[in-house]
file final_22.pdb (PDB, C-alpha atoms (C1' of nucleotides))
MODEL        1
ATOM      1  CA  MET A   1      14.210 -34.790 -23.073
ATOM      2  CA  ILE A   2      16.390 -37.649 -24.123
ATOM      3  CA  SER A   3      17.983 -39.791 -21.497
ATOM      4  CA  GLY A   4      21.745 -39.884 -21.312
ATOM      5  CA  LYS A   5      21.984 -43.668 -21.332
ATOM      6  CA  PHE A   6      23.609 -44.009 -24.740
ATOM      7  CA  ALA A   7      26.103 -41.237 -24.011
ATOM      8  CA  ILE A   8      26.906 -42.612 -20.579
ATOM      9  CA  THR A   9      27.314 -46.158 -21.810
ATOM     10  CA  THR A  10      29.495 -45.028 -24.686
ATOM     11  CA  HIS A  11      31.595 -43.006 -22.284
ATOM     12  CA  ILE A  12      32.024 -46.008 -20.004
ATOM     13  CA  LEU A  13      33.009 -48.269 -22.874
ATOM     14  CA  THR A  14      35.447 -45.737 -24.245
ATOM     15  CA  LEU A  15      37.184 -45.575 -20.885
ATOM     16  CA  LEU A  16      37.331 -49.350 -20.678
ATOM     17  CA  THR A  17      38.781 -49.452 -24.172
ATOM     18  CA  LYS A  18      41.410 -46.888 -23.283
ATOM     19  CA  TYR A  19      42.457 -48.838 -20.198
ATOM     20  CA  PRO A  20      42.022 -52.426 -21.336
ATOM     21  CA  ASN A  21      44.221 -53.927 -18.650
ATOM     22  CA  ASP A  22      42.558 -52.411 -15.601
ATOM     23  CA  TYR A  23      39.423 -53.002 -13.654
ATOM     24  CA  LEU A  24      37.976 -49.518 -13.414
ATOM     25  CA  SER A  25      35.822 -48.719 -10.406
ATOM     26  CA  SER A  26      32.416 -47.113 -10.745
ATOM     27  CA  GLU A  27      33.753 -44.291  -8.605
ATOM     28  CA  TYR A  28      36.543 -43.614 -11.074
ATOM     29  CA  ILE A  29      34.281 -43.818 -14.093
ATOM     30  CA  ALA A  30      31.738 -41.576 -12.384
ATOM     31  CA  GLY A  31      34.498 -39.030 -11.888
ATOM     32  CA  SER A  32      35.098 -38.862 -15.613
ATOM     33  CA  ILE A  33      31.434 -38.608 -16.527
ATOM     34  CA  ASN A  34      30.608 -36.427 -13.526
ATOM     35  CA  LEU A  35      27.767 -38.669 -12.542
ATOM     36  CA  ASN A  36      26.619 -40.513  -9.484
ATOM     37  CA  PRO A  37      28.447 -43.868  -9.167
ATOM     38  CA  VAL A  38      25.166 -45.688  -8.621
ATOM     39  CA  LEU A  39      24.010 -44.651 -12.054
ATOM     40  CA  VAL A  40      27.270 -45.853 -13.531
ATOM     41  CA  ARG A  41      26.747 -49.213 -11.884
ATOM     42  CA  LYS A  42      23.251 -49.380 -13.334
ATOM     43  CA  GLU A  43      24.537 -48.921 -16.856
ATOM     44  CA  ILE A  44      27.257 -51.449 -16.158
ATOM     45  CA  ALA A  45      24.594 -53.902 -15.021
ATOM     46  CA  ASN A  46      23.014 -53.481 -18.439
ATOM     47  CA  LEU A  47      26.342 -54.055 -20.174
ATOM     48  CA  LYS A  48      26.927 -57.151 -18.091
ATOM     49  CA  ALA A  49      23.539 -58.526 -19.058
ATOM     50  CA  HIS A  50      24.700 -58.229 -22.651
ATOM     51  CA  HIS A  51      28.070 -59.834 -21.854
ATOM     52  CA  ILE A  52      30.000 -56.798 -23.033
ATOM     53  CA  VAL A  53      31.843 -56.265 -19.758
ATOM     54  CA  GLU A  54      32.700 -58.244 -16.683
ATOM     55  CA  SER A  55      33.023 -57.024 -13.123
ATOM     56  CA  LYS A  56      34.937 -58.073 -10.090
ATOM     57  CA  GLU A  57      33.536 -57.340  -6.653
ATOM     58  CA  GLY A  58      35.524 -56.524  -3.566
ATOM     59  CA  LYS A  59      38.625 -54.477  -2.980
ATOM     60  CA  ASN A  60      40.446 -53.545  -6.190
ATOM     61  CA  GLY A  61      37.344 -54.642  -8.020
ATOM     62  CA  GLY A  62      35.776 -52.886 -10.937
ATOM     63  CA  THR A  63      34.811 -53.480 -14.510
ATOM     64  CA  LYS A  64      36.615 -54.300 -17.711
ATOM     65  CA  LEU A  65      35.725 -55.192 -21.275
ATOM     66  CA  ALA A  66      34.757 -58.791 -21.948
ATOM     67  CA  VAL A  67      35.009 -58.494 -25.723
ATOM     68  CA  ASP A  68      37.335 -56.987 -28.268
ATOM     69  CA  PRO A  69      36.418 -53.369 -28.991
ATOM     70  CA  SER A  70      36.830 -53.971 -32.689
ATOM     71  CA  ASN A  71      33.938 -56.404 -32.450
ATOM     72  CA  ILE A  72      31.398 -54.064 -30.906
ATOM     73  CA  THR A  73      29.633 -51.462 -32.982
ATOM     74  CA  LEU A  74      27.841 -48.330 -31.947
ATOM     75  CA  LYS A  75      24.723 -49.966 -33.292
ATOM     76  CA  GLN A  76      24.943 -52.563 -30.563
ATOM     77  CA  ILE A  77      25.378 -49.880 -27.938
ATOM     78  CA  PHE A  78      22.458 -48.033 -29.448
ATOM     79  CA  GLU A  79      20.276 -51.119 -29.230
ATOM     80  CA  MET A  80      21.257 -51.743 -25.646
ATOM     81  CA  THR A  81      20.423 -48.246 -24.494
ATOM     82  CA  PHE A  82      17.750 -46.857 -26.772
ATOM     83  CA  GLU A  83      14.356 -47.910 -27.982
ATOM     84  CA  THR A  84      14.259 -46.579 -31.502
ATOM     85  CA  ILE A  85      15.064 -43.305 -33.085
ATOM     86  CA  ASN A  86      11.876 -41.350 -33.489
ATOM     87  CA  LEU A  87      10.454 -37.885 -33.546
ATOM     88  CA  GLY A  88       7.831 -38.643 -30.927
ATOM     89  CA  TYR A  89       4.150 -39.316 -30.724
ATOM     90  CA  ALA A  90       1.304 -37.355 -29.247
ATOM     91  CA  LYS A  91       0.695 -38.586 -25.743
ATOM     92  CA  ASN A  92      -2.948 -39.573 -25.990
ATOM     93  CA  GLN A  93      -4.632 -41.971 -28.302
ATOM     94  CA  PRO A  94      -5.905 -40.021 -31.302
ATOM     95  CA  ASN A  95      -9.534 -40.069 -32.342
ATOM     96  CA  PRO A  96     -10.223 -43.350 -34.168
ATOM     97  CA  ASP A  97     -13.306 -41.854 -35.824
ATOM     98  CA  CYS A  98     -11.175 -39.361 -37.727
ATOM     99  CA  PRO A  99      -9.446 -40.664 -40.842
ATOM    100  CA  VAL A 100      -6.276 -38.871 -39.840
ATOM    101  CA  GLY A 101      -6.450 -39.813 -36.183
ATOM    102  CA  LYS A 102      -7.028 -43.407 -37.127
ATOM    103  CA  LYS A 103      -3.816 -43.780 -39.087
ATOM    104  CA  ILE A 104      -1.441 -41.123 -37.861
ATOM    105  CA  ASN A 105       0.531 -43.299 -35.491
ATOM    106  CA  GLN A 106       0.815 -46.096 -37.962
ATOM    107  CA  ASN A 107       2.149 -43.712 -40.584
ATOM    108  CA  LEU A 108       4.567 -42.086 -38.183
ATOM    109  CA  THR A 109       5.803 -45.491 -37.120
ATOM    110  CA  ALA A 110       6.544 -46.399 -40.726
ATOM    111  CA  LEU A 111       8.434 -43.149 -41.168
ATOM    112  CA  TYR A 112      10.445 -43.735 -38.024
ATOM    113  CA  ALA A 113      11.239 -47.283 -39.077
ATOM    114  CA  ASP A 114      12.927 -45.918 -42.181
ATOM    115  CA  MET A 115      14.839 -43.478 -40.041
ATOM    116  CA  ASN A 116      16.053 -46.274 -37.825
ATOM    117  CA  GLN A 117      17.245 -48.275 -40.732
ATOM    118  CA  LYS A 118      19.353 -45.402 -41.994
ATOM    119  CA  VAL A 119      20.756 -44.606 -38.597
ATOM    120  CA  SER A 120      21.461 -48.256 -37.863
ATOM    121  CA  LEU A 121      23.442 -48.507 -41.044
ATOM    122  CA  GLN A 122      25.543 -45.572 -39.977
ATOM    123  CA  LEU A 123      26.127 -46.868 -36.465
ATOM    124  CA  GLU A 124      26.896 -50.336 -37.700
ATOM    125  CA  GLY A 125      29.875 -48.932 -39.554
ATOM    126  CA  ILE A 126      31.557 -47.597 -36.418
ATOM    127  CA  SER A 127      33.219 -49.954 -33.970
ATOM    128  CA  LEU A 128      33.946 -49.081 -30.385
ATOM    129  CA  GLU A 129      37.591 -49.201 -31.391
ATOM    130  CA  ASP A 130      37.002 -46.631 -34.127
ATOM    131  CA  PHE A 131      35.147 -44.381 -31.762
ATOM    132  CA  SER A 132      37.777 -44.673 -29.046
ATOM    133  CA  ASN A 133      40.556 -43.885 -31.472
ATOM    134  CA  GLN A 134      39.164 -40.381 -31.797
ATOM    135  CA  PHE A 135      40.289 -39.552 -28.278
TER     136      PHE A 135
ATOM    137  CA  MET B 136      11.084 -38.913 -23.332
ATOM    138  CA  ILE B 137      10.553 -37.160 -26.603
ATOM    139  CA  SER B 138       8.027 -34.378 -26.868
ATOM    140  CA  GLY B 139       5.086 -34.831 -29.187
ATOM    141  CA  LYS B 140       5.595 -31.563 -31.049
ATOM    142  CA  PHE B 141       6.611 -33.060 -34.373
ATOM    143  CA  ALA B 142       3.787 -35.602 -34.270
ATOM    144  CA  ILE B 143       1.248 -32.996 -33.241
ATOM    145  CA  THR B 144       2.332 -30.497 -35.843
ATOM    146  CA  THR B 145       2.326 -33.154 -38.543
ATOM    147  CA  HIS B 146      -1.136 -34.215 -37.457
ATOM    148  CA  ILE B 147      -2.382 -30.641 -37.642
ATOM    149  CA  LEU B 148      -0.900 -30.107 -41.081
ATOM    150  CA  THR B 149      -2.318 -33.365 -42.371
ATOM    151  CA  LEU B 150      -5.780 -32.310 -41.277
ATOM    152  CA  LEU B 151      -5.371 -28.922 -42.925
ATOM    153  CA  THR B 152      -4.224 -30.648 -46.105
ATOM    154  CA  LYS B 153      -7.223 -32.950 -46.066
ATOM    155  CA  TYR B 154      -9.642 -30.045 -45.678
ATOM    156  CA  PRO B 155      -7.950 -27.325 -47.715
ATOM    157  CA  ASN B 156     -11.051 -25.187 -48.078
ATOM    158  CA  ASP B 157     -11.980 -24.878 -44.418
ATOM    159  CA  TYR B 158     -10.768 -22.940 -41.460
ATOM    160  CA  LEU B 159     -10.437 -25.636 -38.837
ATOM    161  CA  SER B 160     -10.863 -24.608 -35.215
ATOM    162  CA  SER B 161      -8.357 -25.573 -32.551
ATOM    163  CA  GLU B 162     -11.213 -27.316 -30.798
ATOM    164  CA  TYR B 163     -11.879 -29.507 -33.808
ATOM    165  CA  ILE B 164      -8.208 -30.286 -34.365
ATOM    166  CA  ALA B 165      -7.771 -31.041 -30.679
ATOM    167  CA  GLY B 166     -10.608 -33.524 -30.982
ATOM    168  CA  SER B 167      -8.739 -35.474 -33.629
ATOM    169  CA  ILE B 168      -5.436 -35.459 -31.765
ATOM    170  CA  ASN B 169      -7.093 -35.883 -28.372
ATOM    171  CA  LEU B 170      -5.168 -32.994 -26.958
ATOM    172  CA  ASN B 171      -5.937 -29.797 -25.121
ATOM    173  CA  PRO B 172      -6.906 -27.042 -27.583
ATOM    174  CA  VAL B 173      -4.486 -24.619 -25.988
ATOM    175  CA  LEU B 174      -1.621 -26.860 -26.970
ATOM    176  CA  VAL B 175      -2.941 -27.029 -30.500
ATOM    177  CA  ARG B 176      -2.987 -23.261 -30.633
ATOM    178  CA  LYS B 177       0.576 -23.150 -29.400
ATOM    179  CA  GLU B 178       1.758 -25.363 -32.219
ATOM    180  CA  ILE B 179      -0.277 -23.311 -34.632
ATOM    181  CA  ALA B 180       1.427 -20.188 -33.314
ATOM    182  CA  ASN B 181       4.709 -21.807 -34.263
ATOM    183  CA  LEU B 182       3.415 -22.668 -37.731
ATOM    184  CA  LYS B 183       2.204 -19.119 -38.174
ATOM    185  CA  ALA B 184       5.613 -17.772 -37.251
ATOM    186  CA  HIS B 185       6.949 -19.841 -40.116
ATOM    187  CA  HIS B 186       4.193 -18.659 -42.474
ATOM    188  CA  ILE B 187       2.941 -22.183 -43.068
ATOM    189  CA  VAL B 188      -0.608 -21.483 -41.944
ATOM    190  CA  GLU B 189      -2.865 -18.527 -41.442
ATOM    191  CA  SER B 190      -5.568 -18.028 -38.854
ATOM    192  CA  LYS B 191      -8.758 -16.099 -38.592
ATOM    193  CA  GLU B 192     -10.042 -14.988 -35.211
ATOM    194  CA  GLY B 193     -13.633 -14.680 -34.142
ATOM    195  CA  LYS B 194     -16.687 -16.756 -34.837
ATOM    196  CA  ASN B 195     -16.171 -19.312 -37.591
ATOM    197  CA  GLY B 196     -12.497 -18.604 -37.306
ATOM    198  CA  GLY B 197      -9.767 -21.182 -37.391
ATOM    199  CA  THR B 198      -6.660 -22.086 -39.288
ATOM    200  CA  LYS B 199      -5.849 -23.120 -42.821
ATOM    201  CA  LEU B 200      -2.763 -23.780 -44.898
ATOM    202  CA  ALA B 201      -0.971 -20.764 -46.306
ATOM    203  CA  VAL B 202       1.176 -22.775 -48.702
ATOM    204  CA  ASP B 203       0.800 -25.619 -51.113
ATOM    205  CA  PRO B 204       1.295 -28.968 -49.375
ATOM    206  CA  SER B 205       3.442 -30.156 -52.238
ATOM    207  CA  ASN B 206       5.887 -27.406 -51.343
ATOM    208  CA  ILE B 207       6.420 -28.348 -47.711
ATOM    209  CA  THR B 208       8.607 -31.257 -46.727
ATOM    210  CA  LEU B 209       8.748 -33.229 -43.540
ATOM    211  CA  LYS B 210      12.242 -31.860 -43.133
ATOM    212  CA  GLN B 211      10.796 -28.395 -42.702
ATOM    213  CA  ILE B 212       8.330 -29.653 -40.130
ATOM    214  CA  PHE B 213      11.166 -31.429 -38.388
ATOM    215  CA  GLU B 214      13.204 -28.258 -38.252
ATOM    216  CA  MET B 215      10.294 -26.268 -36.897
ATOM    217  CA  THR B 216       9.590 -28.685 -34.083
ATOM    218  CA  PHE B 217      12.798 -30.455 -33.200
ATOM    219  CA  GLU B 218      16.291 -29.481 -32.264
ATOM    220  CA  THR B 219      18.364 -32.199 -33.814
ATOM    221  CA  ILE B 220      18.207 -35.930 -33.860
ATOM    222  CA  ASN B 221      20.520 -37.271 -31.212
ATOM    223  CA  LEU B 222      21.017 -40.093 -28.802
ATOM    224  CA  GLY B 223      21.463 -37.808 -25.840
ATOM    225  CA  TYR B 224      24.230 -36.475 -23.681
ATOM    226  CA  ALA B 225      25.095 -37.031 -20.059
ATOM    227  CA  LYS B 226      23.537 -34.272 -18.038
ATOM    228  CA  ASN B 227      26.609 -32.867 -16.312
ATOM    229  CA  GLN B 228      29.757 -31.492 -17.789
ATOM    230  CA  PRO B 229      32.272 -34.323 -17.973
ATOM    231  CA  ASN B 230      35.659 -34.099 -16.346
ATOM    232  CA  PRO B 231      37.914 -31.915 -18.535
ATOM    233  CA  ASP B 232      41.027 -33.423 -16.962
ATOM    234  CA  CYS B 233      40.189 -36.838 -18.373
ATOM    235  CA  PRO B 234      41.103 -37.394 -22.023
ATOM    236  CA  VAL B 235      37.772 -39.076 -22.600
ATOM    237  CA  GLY B 236      35.735 -36.577 -20.599
ATOM    238  CA  LYS B 237      37.413 -33.753 -22.439
ATOM    239  CA  LYS B 238      36.289 -34.883 -25.877
ATOM    240  CA  ILE B 239      33.271 -37.087 -25.416
ATOM    241  CA  ASN B 240      30.657 -34.456 -26.149
ATOM    242  CA  GLN B 241      32.498 -33.148 -29.147
ATOM    243  CA  ASN B 242      32.742 -36.652 -30.583
ATOM    244  CA  LEU B 243      29.125 -37.431 -29.871
ATOM    245  CA  THR B 244      28.111 -34.183 -31.509
ATOM    246  CA  ALA B 245      30.004 -35.124 -34.651
ATOM    247  CA  LEU B 246      28.298 -38.509 -34.675
ATOM    248  CA  TYR B 247      24.885 -36.935 -34.239
ATOM    249  CA  ALA B 248      25.576 -34.432 -36.988
ATOM    250  CA  ASP B 249      26.038 -37.308 -39.406
ATOM    251  CA  MET B 250      22.813 -38.834 -38.194
ATOM    252  CA  ASN B 251      20.983 -35.607 -38.809
ATOM    253  CA  GLN B 252      22.288 -35.359 -42.291
ATOM    254  CA  LYS B 253      20.994 -38.813 -43.138
ATOM    255  CA  VAL B 254      17.638 -38.221 -41.536
ATOM    256  CA  SER B 255      17.293 -34.829 -43.164
ATOM    257  CA  LEU B 256      17.883 -36.379 -46.525
ATOM    258  CA  GLN B 257      15.097 -38.836 -45.893
ATOM    259  CA  LEU B 258      12.648 -36.229 -44.637
ATOM    260  CA  GLU B 259      13.474 -33.872 -47.455
ATOM    261  CA  GLY B 260      12.141 -36.434 -49.882
ATOM    262  CA  ILE B 261       8.668 -36.512 -48.385
ATOM    263  CA  SER B 262       6.278 -33.648 -48.968
ATOM    264  CA  LEU B 263       3.292 -32.928 -46.791
ATOM    265  CA  GLU B 264       1.207 -33.904 -49.768
ATOM    266  CA  ASP B 265       2.948 -37.274 -49.976
ATOM    267  CA  PHE B 266       2.450 -37.867 -46.314
ATOM    268  CA  SER B 267      -1.203 -36.867 -46.402
ATOM    269  CA  ASN B 268      -1.906 -39.128 -49.343
ATOM    270  CA  GLN B 269      -1.257 -42.099 -47.104
ATOM    271  CA  PHE B 270      -4.494 -41.435 -45.236
TER     272      PHE B 270
ATOM    273  C1'  DC C 271      40.354 -62.466  11.393
ATOM    274  C1'  DA C 272      39.288 -57.604  10.778
ATOM    275  C1'  DA C 273      39.324 -53.508   8.153
ATOM    276  C1'  DA C 274      39.014 -51.403   3.795
ATOM    277  C1'  DA C 275      37.401 -51.000  -0.779
ATOM    278  C1'  DC C 276      34.610 -52.519  -3.925
ATOM    279  C1'  DT C 277      29.938 -54.167  -6.489
ATOM    280  C1'  DG C 278      24.839 -54.764  -6.509
ATOM    281  C1'  DT C 279      20.427 -53.060  -5.540
ATOM    282  C1'  DA C 280      16.434 -51.149  -3.466
ATOM    283  C1'  DA C 281      14.045 -47.284  -1.812
ATOM    284  C1'  DC C 282      13.246 -42.752  -1.939
ATOM    285  C1'  DA C 283      14.021 -37.694  -3.157
ATOM    286  C1'  DT C 284      14.796 -34.105  -6.357
ATOM    287  C1'  DT C 285      14.925 -31.887 -10.680
ATOM    288  C1'  DT C 286      13.518 -31.226 -15.229
ATOM    289  C1'  DT C 287      10.452 -31.708 -19.001
ATOM    290  C1'  DT C 288       6.091 -32.317 -20.933
ATOM    291  C1'  DT C 289       1.308 -31.934 -20.905
ATOM    292  C1'  DA C 290      -3.023 -30.062 -19.083
ATOM    293  C1'  DT C 291      -6.070 -26.571 -17.204
ATOM    294  C1'  DT C 292      -7.983 -22.187 -16.143
ATOM    295  C1'  DA C 293      -8.778 -17.714 -17.084
ATOM    296  C1'  DC C 294      -9.023 -13.813 -19.550
ATOM    297  C1'  DT C 295      -8.548 -10.399 -23.654
ATOM    298  C1'  DA C 296      -9.467  -9.378 -28.315
ATOM    299  C1'  DA C 297     -11.576 -10.249 -32.767
ATOM    300  C1'  DT C 298     -15.246 -11.571 -35.859
ATOM    301  C1'  DT C 299     -19.725 -13.091 -37.305
ATOM    302  C1'  DA C 300     -24.580 -13.426 -37.297
TER     303       DA C 300
ATOM    304  C1'  DT D 301     -25.325  -7.704 -28.703
ATOM    305  C1'  DA D 302     -24.470 -12.540 -28.022
ATOM    306  C1'  DA D 303     -21.869 -16.349 -29.466
ATOM    307  C1'  DT D 304     -17.700 -18.295 -31.002
ATOM    308  C1'  DT D 305     -13.138 -18.300 -31.890
ATOM    309  C1'  DA D 306      -7.898 -17.190 -31.541
ATOM    310  C1'  DG D 307      -4.037 -15.649 -28.540
ATOM    311  C1'  DT D 308      -1.609 -15.915 -24.462
ATOM    312  C1'  DA D 309      -0.162 -15.963 -19.641
ATOM    313  C1'  DA D 310      -0.072 -18.218 -15.374
ATOM    314  C1'  DT D 311      -0.342 -22.182 -12.897
ATOM    315  C1'  DA D 312      -0.946 -27.172 -11.955
ATOM    316  C1'  DA D 313      -0.239 -31.901 -12.697
ATOM    317  C1'  DA D 314       1.994 -35.837 -14.582
ATOM    318  C1'  DA D 315       5.864 -38.194 -16.268
ATOM    319  C1'  DA D 316      10.599 -39.007 -16.876
ATOM    320  C1'  DA D 317      15.358 -38.564 -15.726
ATOM    321  C1'  DT D 318      18.749 -38.020 -12.413
ATOM    322  C1'  DG D 319      20.556 -38.039  -7.723
ATOM    323  C1'  DT D 320      21.141 -39.768  -2.928
ATOM    324  C1'  DT D 321      21.281 -42.783   0.894
ATOM    325  C1'  DA D 322      21.678 -47.025   2.808
ATOM    326  C1'  DC D 323      23.080 -51.416   3.283
ATOM    327  C1'  DA D 324      24.149 -56.402   2.108
ATOM    328  C1'  DG D 325      27.603 -59.151   0.005
ATOM    329  C1'  DT D 326      32.422 -59.947  -1.943
ATOM    330  C1'  DT D 327      37.336 -59.722  -2.189
ATOM    331  C1'  DT D 328      41.863 -58.175  -0.869
ATOM    332  C1'  DT D 329      45.298 -57.007   2.337
ATOM    333  C1'  DG D 330      47.513 -56.338   6.682
TER     334       DG D 330
ENDMDL
END

call {"tool": "encode", "arguments": {"input": "final_22.pdb", "output": "structure tokens"}}
result
Amino acid sequence: MISGKFAITTHILTLLTKYPNDYLSSEYIAGSINLNPVLVRKEIANLKAHHIVESKEGKNGGTKLAVDPSNITLKQIFEMTFETINLGYAKNQPNPDCPVGKKINQNLTALYADMNQKVSLQLEGISLEDFSNQF
Amino acid sequence: MISGKFAITTHILTLLTKYPNDYLSSEYIAGSINLNPVLVRKEIANLKAHHIVESKEGKNGGTKLAVDPSNITLKQIFEMTFETINLGYAKNQPNPDCPVGKKINQNLTALYADMNQKVSLQLEGISLEDFSNQF
DNA sequence: CAAAACTGTAACATTTTTTATTACTAATTA
DNA sequence: TAATTAGTAATAAAAAATGTTACAGTTTTG
């Protein structure tokens, strides 16, 4: 199962892009995503740590973009919310006395690194503005 | 969390490629992966359904390749063990009355489809033989 | 100043997915 | 006939993701 962090964060940022003049509350955003507001605030905390958004506490508070949406790419969102693209690993350490077991993870990692490079290139070409314009 | 199916299946197939003349038992394979033999047999059941391997029951039984490893690509393994590459979706259905909620999943799906195409192209270029030669 | 409406976070509960185990039937070999 | 193996179902355990509650702190507004 893949966590919804990237999707949720992208959803949040799309909303903020669509309403660039407002501080949107976590309650409001949660209503669009259909998600618990606490989880929205957690993703926003992550975005704040990366200086992508800024929040205002107190009544009429909320969150808004801190950067121009044409200057953020999906690659950046990807990197903030995802480890790396991969097709998984077996859970346990493979047998180091087997020639295959000894190198399987290393070889998978190399494969996945290539995958990431290709995907990163794709995501780098799409700004938050581009993505938001699809709505 | 991503399941280990692709990694496990690739591990199994690499072993079978390395020992093309033997029927390898699930017990032996499990020892290389460090995994319960029942789970190995489950992945083998999947491979059998795709006519990639054949098994022999009974004493001295086991599994061996049914096809030439130069004729299988990692893309095929990927398709047998993975849905699609994606960066996830929020768990609940988003709010259809919000312009963003209404289209977010559709737009993410389109993005992920592009990703899959790129990854598929990469995996298509690597045969099981190629992969096994790295060991 | 007090009430209301927010964010920020921690602690804990629930749900879902993945992995592991046990147990048993059937097949094959020696 | 005994030993070894695949096949498979049922169940358990572990891990991860999501959800909930609670409450402290901040800001606005009457």

call {"tool": "residues_around", "arguments": {"input": "final_22.pdb", "residues": "stretch 38-46 of chain A", "least_positions_apart": "6", "cutoff": "7 Å", "atoms": "only C-alpha atoms (C1' of nucleotides)", "output": "PyMOL selection string"}}
result
chain A and resi 9+26+30

call {"tool": "atom_distance", "arguments": {"input": "final_22.pdb", "atom1": "atom C1' of D:DT327", "atom2": "atom CA of A:Ile52"}}
result
22.3 Å

call {"tool": "resolve_selection", "arguments": {"input": "final_22.pdb", "expression": "the PyMOL selection byres ((chain A and resi 102-119) around 7)", "output": "short mmCIF file (atom, residue, chain, number, x, y, z; two decimals) with C-alpha atoms, keeping the file's coordinate frame"}}
result
data_model
loop_
_atom_site.label_atom_id
_atom_site.label_comp_id
_atom_site.auth_asym_id
_atom_site.auth_seq_id
_atom_site.Cartn_x
_atom_site.Cartn_y
_atom_site.Cartn_z
CA THR A 84 14.26 -46.58 -31.50
CA ILE A 85 15.06 -43.30 -33.08
CA ASN A 86 11.88 -41.35 -33.49
CA PRO A 94 -5.90 -40.02 -31.30
CA ASN A 95 -9.53 -40.07 -32.34
CA PRO A 96 -10.22 -43.35 -34.17
CA ASP A 97 -13.31 -41.85 -35.82
CA CYS A 98 -11.18 -39.36 -37.73
CA PRO A 99 -9.45 -40.66 -40.84
CA VAL A 100 -6.28 -38.87 -39.84
CA GLY A 101 -6.45 -39.81 -36.18
CA SER A 120 21.46 -48.26 -37.86
CA LEU A 121 23.44 -48.51 -41.04
CA GLN A 122 25.54 -45.57 -39.98
CA LEU A 123 26.13 -46.87 -36.47
CA HIS B 146 -1.14 -34.22 -37.46
CA MET B 250 22.81 -38.83 -38.19
CA LYS B 253 20.99 -38.81 -43.14
CA VAL B 254 17.64 -38.22 -41.54
CA PHE B 270 -4.49 -41.44 -45.24
#

call {"tool": "atom_distance", "arguments": {"input": "final_22.pdb", "atom1": "atom CA of A:Gly31", "atom2": "atom C1' of D:DC323"}}
result
22.7 Å

call {"tool": "interface_residues", "arguments": {"input": "final_22.pdb", "of": "chain D", "to": "chain B", "cutoff": "10 Å", "atoms": "all atoms listed in the file", "output": "PyMOL selection string"}}
result
chain D and resi 303-308+315-318

call {"tool": "axis_aligned_box", "arguments": {"input": "final_22.pdb", "around": "stretch 39-45 of chain A", "padding_each_side": "3 Å", "output": "lines of an AutoDock Vina configuration file"}}
result
center_x = 25.3
center_y = -49.3
center_z = -14.4
size_x = 10.0
size_y = 15.3
size_z = 11.0

call {"tool": "build_atoms", "arguments": {"input": "final_22.pdb", "residues": "stretch 86-99 of chain A", "atoms": "N, CA and C atoms", "output": "PDB file, in the coordinates of the input"}}
result
ATOM      1  N   ASN A  86      13.168 -41.839 -32.991  1.00  0.00           N
ATOM      2  CA  ASN A  86      11.876 -41.350 -33.489  1.00  0.00           C
ATOM      3  C   ASN A  86      11.705 -39.889 -33.154  1.00  0.00           C
ATOM      4  N   LEU A  87      10.721 -39.303 -33.773  1.00  0.00           N
ATOM      5  CA  LEU A  87      10.454 -37.885 -33.546  1.00  0.00           C
ATOM      6  C   LEU A  87       9.246 -37.705 -32.644  1.00  0.00           C
ATOM      7  N   GLY A  88       8.889 -38.761 -31.928  1.00  0.00           N
ATOM      8  CA  GLY A  88       7.831 -38.643 -30.927  1.00  0.00           C
ATOM      9  C   GLY A  88       6.433 -38.916 -31.435  1.00  0.00           C
ATOM     10  N   TYR A  89       5.579 -39.094 -30.480  1.00  0.00           N
ATOM     11  CA  TYR A  89       4.150 -39.316 -30.724  1.00  0.00           C
ATOM     12  C   TYR A  89       3.367 -38.408 -29.783  1.00  0.00           C
ATOM     13  N   ALA A  90       2.168 -38.055 -30.184  1.00  0.00           N
ATOM     14  CA  ALA A  90       1.304 -37.355 -29.247  1.00  0.00           C
ATOM     15  C   ALA A  90       0.983 -38.309 -28.106  1.00  0.00           C
ATOM     16  N   LYS A  91       0.806 -37.756 -26.943  1.00  0.00           N
ATOM     17  CA  LYS A  91       0.695 -38.586 -25.743  1.00  0.00           C
ATOM     18  C   LYS A  91      -0.572 -39.453 -25.727  1.00  0.00           C
ATOM     19  N   ASN A  92      -1.675 -38.865 -26.121  1.00  0.00           N
ATOM     20  CA  ASN A  92      -2.948 -39.573 -25.990  1.00  0.00           C
ATOM     21  C   ASN A  92      -3.335 -40.282 -27.281  1.00  0.00           C
ATOM     22  N   GLN A  93      -4.191 -41.260 -27.115  1.00  0.00           N
ATOM     23  CA  GLN A  93      -4.632 -41.971 -28.302  1.00  0.00           C
ATOM     24  C   GLN A  93      -5.492 -41.050 -29.170  1.00  0.00           C
ATOM     25  N   PRO A  94      -5.134 -40.918 -30.435  1.00  0.00           N
ATOM     26  CA  PRO A  94      -5.905 -40.021 -31.302  1.00  0.00           C
ATOM     27  C   PRO A  94      -7.293 -40.584 -31.587  1.00  0.00           C
ATOM     28  N   ASN A  95      -8.135 -39.730 -32.088  1.00  0.00           N
ATOM     29  CA  ASN A  95      -9.534 -40.069 -32.342  1.00  0.00           C
ATOM     30  C   ASN A  95      -9.668 -41.104 -33.470  1.00  0.00           C
ATOM     31  N   PRO A  96     -10.140 -42.292 -33.149  1.00  0.00           N
ATOM     32  CA  PRO A  96     -10.223 -43.350 -34.168  1.00  0.00           C
ATOM     33  C   PRO A  96     -11.342 -43.114 -35.179  1.00  0.00           C
ATOM     34  N   ASP A  97     -12.219 -42.151 -34.896  1.00  0.00           N
ATOM     35  CA  ASP A  97     -13.306 -41.854 -35.824  1.00  0.00           C
ATOM     36  C   ASP A  97     -12.904 -40.822 -36.861  1.00  0.00           C
ATOM     37  N   CYS A  98     -11.688 -40.321 -36.749  1.00  0.00           N
ATOM     38  CA  CYS A  98     -11.175 -39.361 -37.727  1.00  0.00           C
ATOM     39  C   CYS A  98     -10.208 -40.112 -38.626  1.00  0.00           C
ATOM     40  N   PRO A  99     -10.330 -39.934 -39.927  1.00  0.00           N
ATOM     41  CA  PRO A  99      -9.446 -40.664 -40.842  1.00  0.00           C
ATOM     42  C   PRO A  99      -7.970 -40.384 -40.568  1.00  0.00           C
TER      43      PRO A  99
END
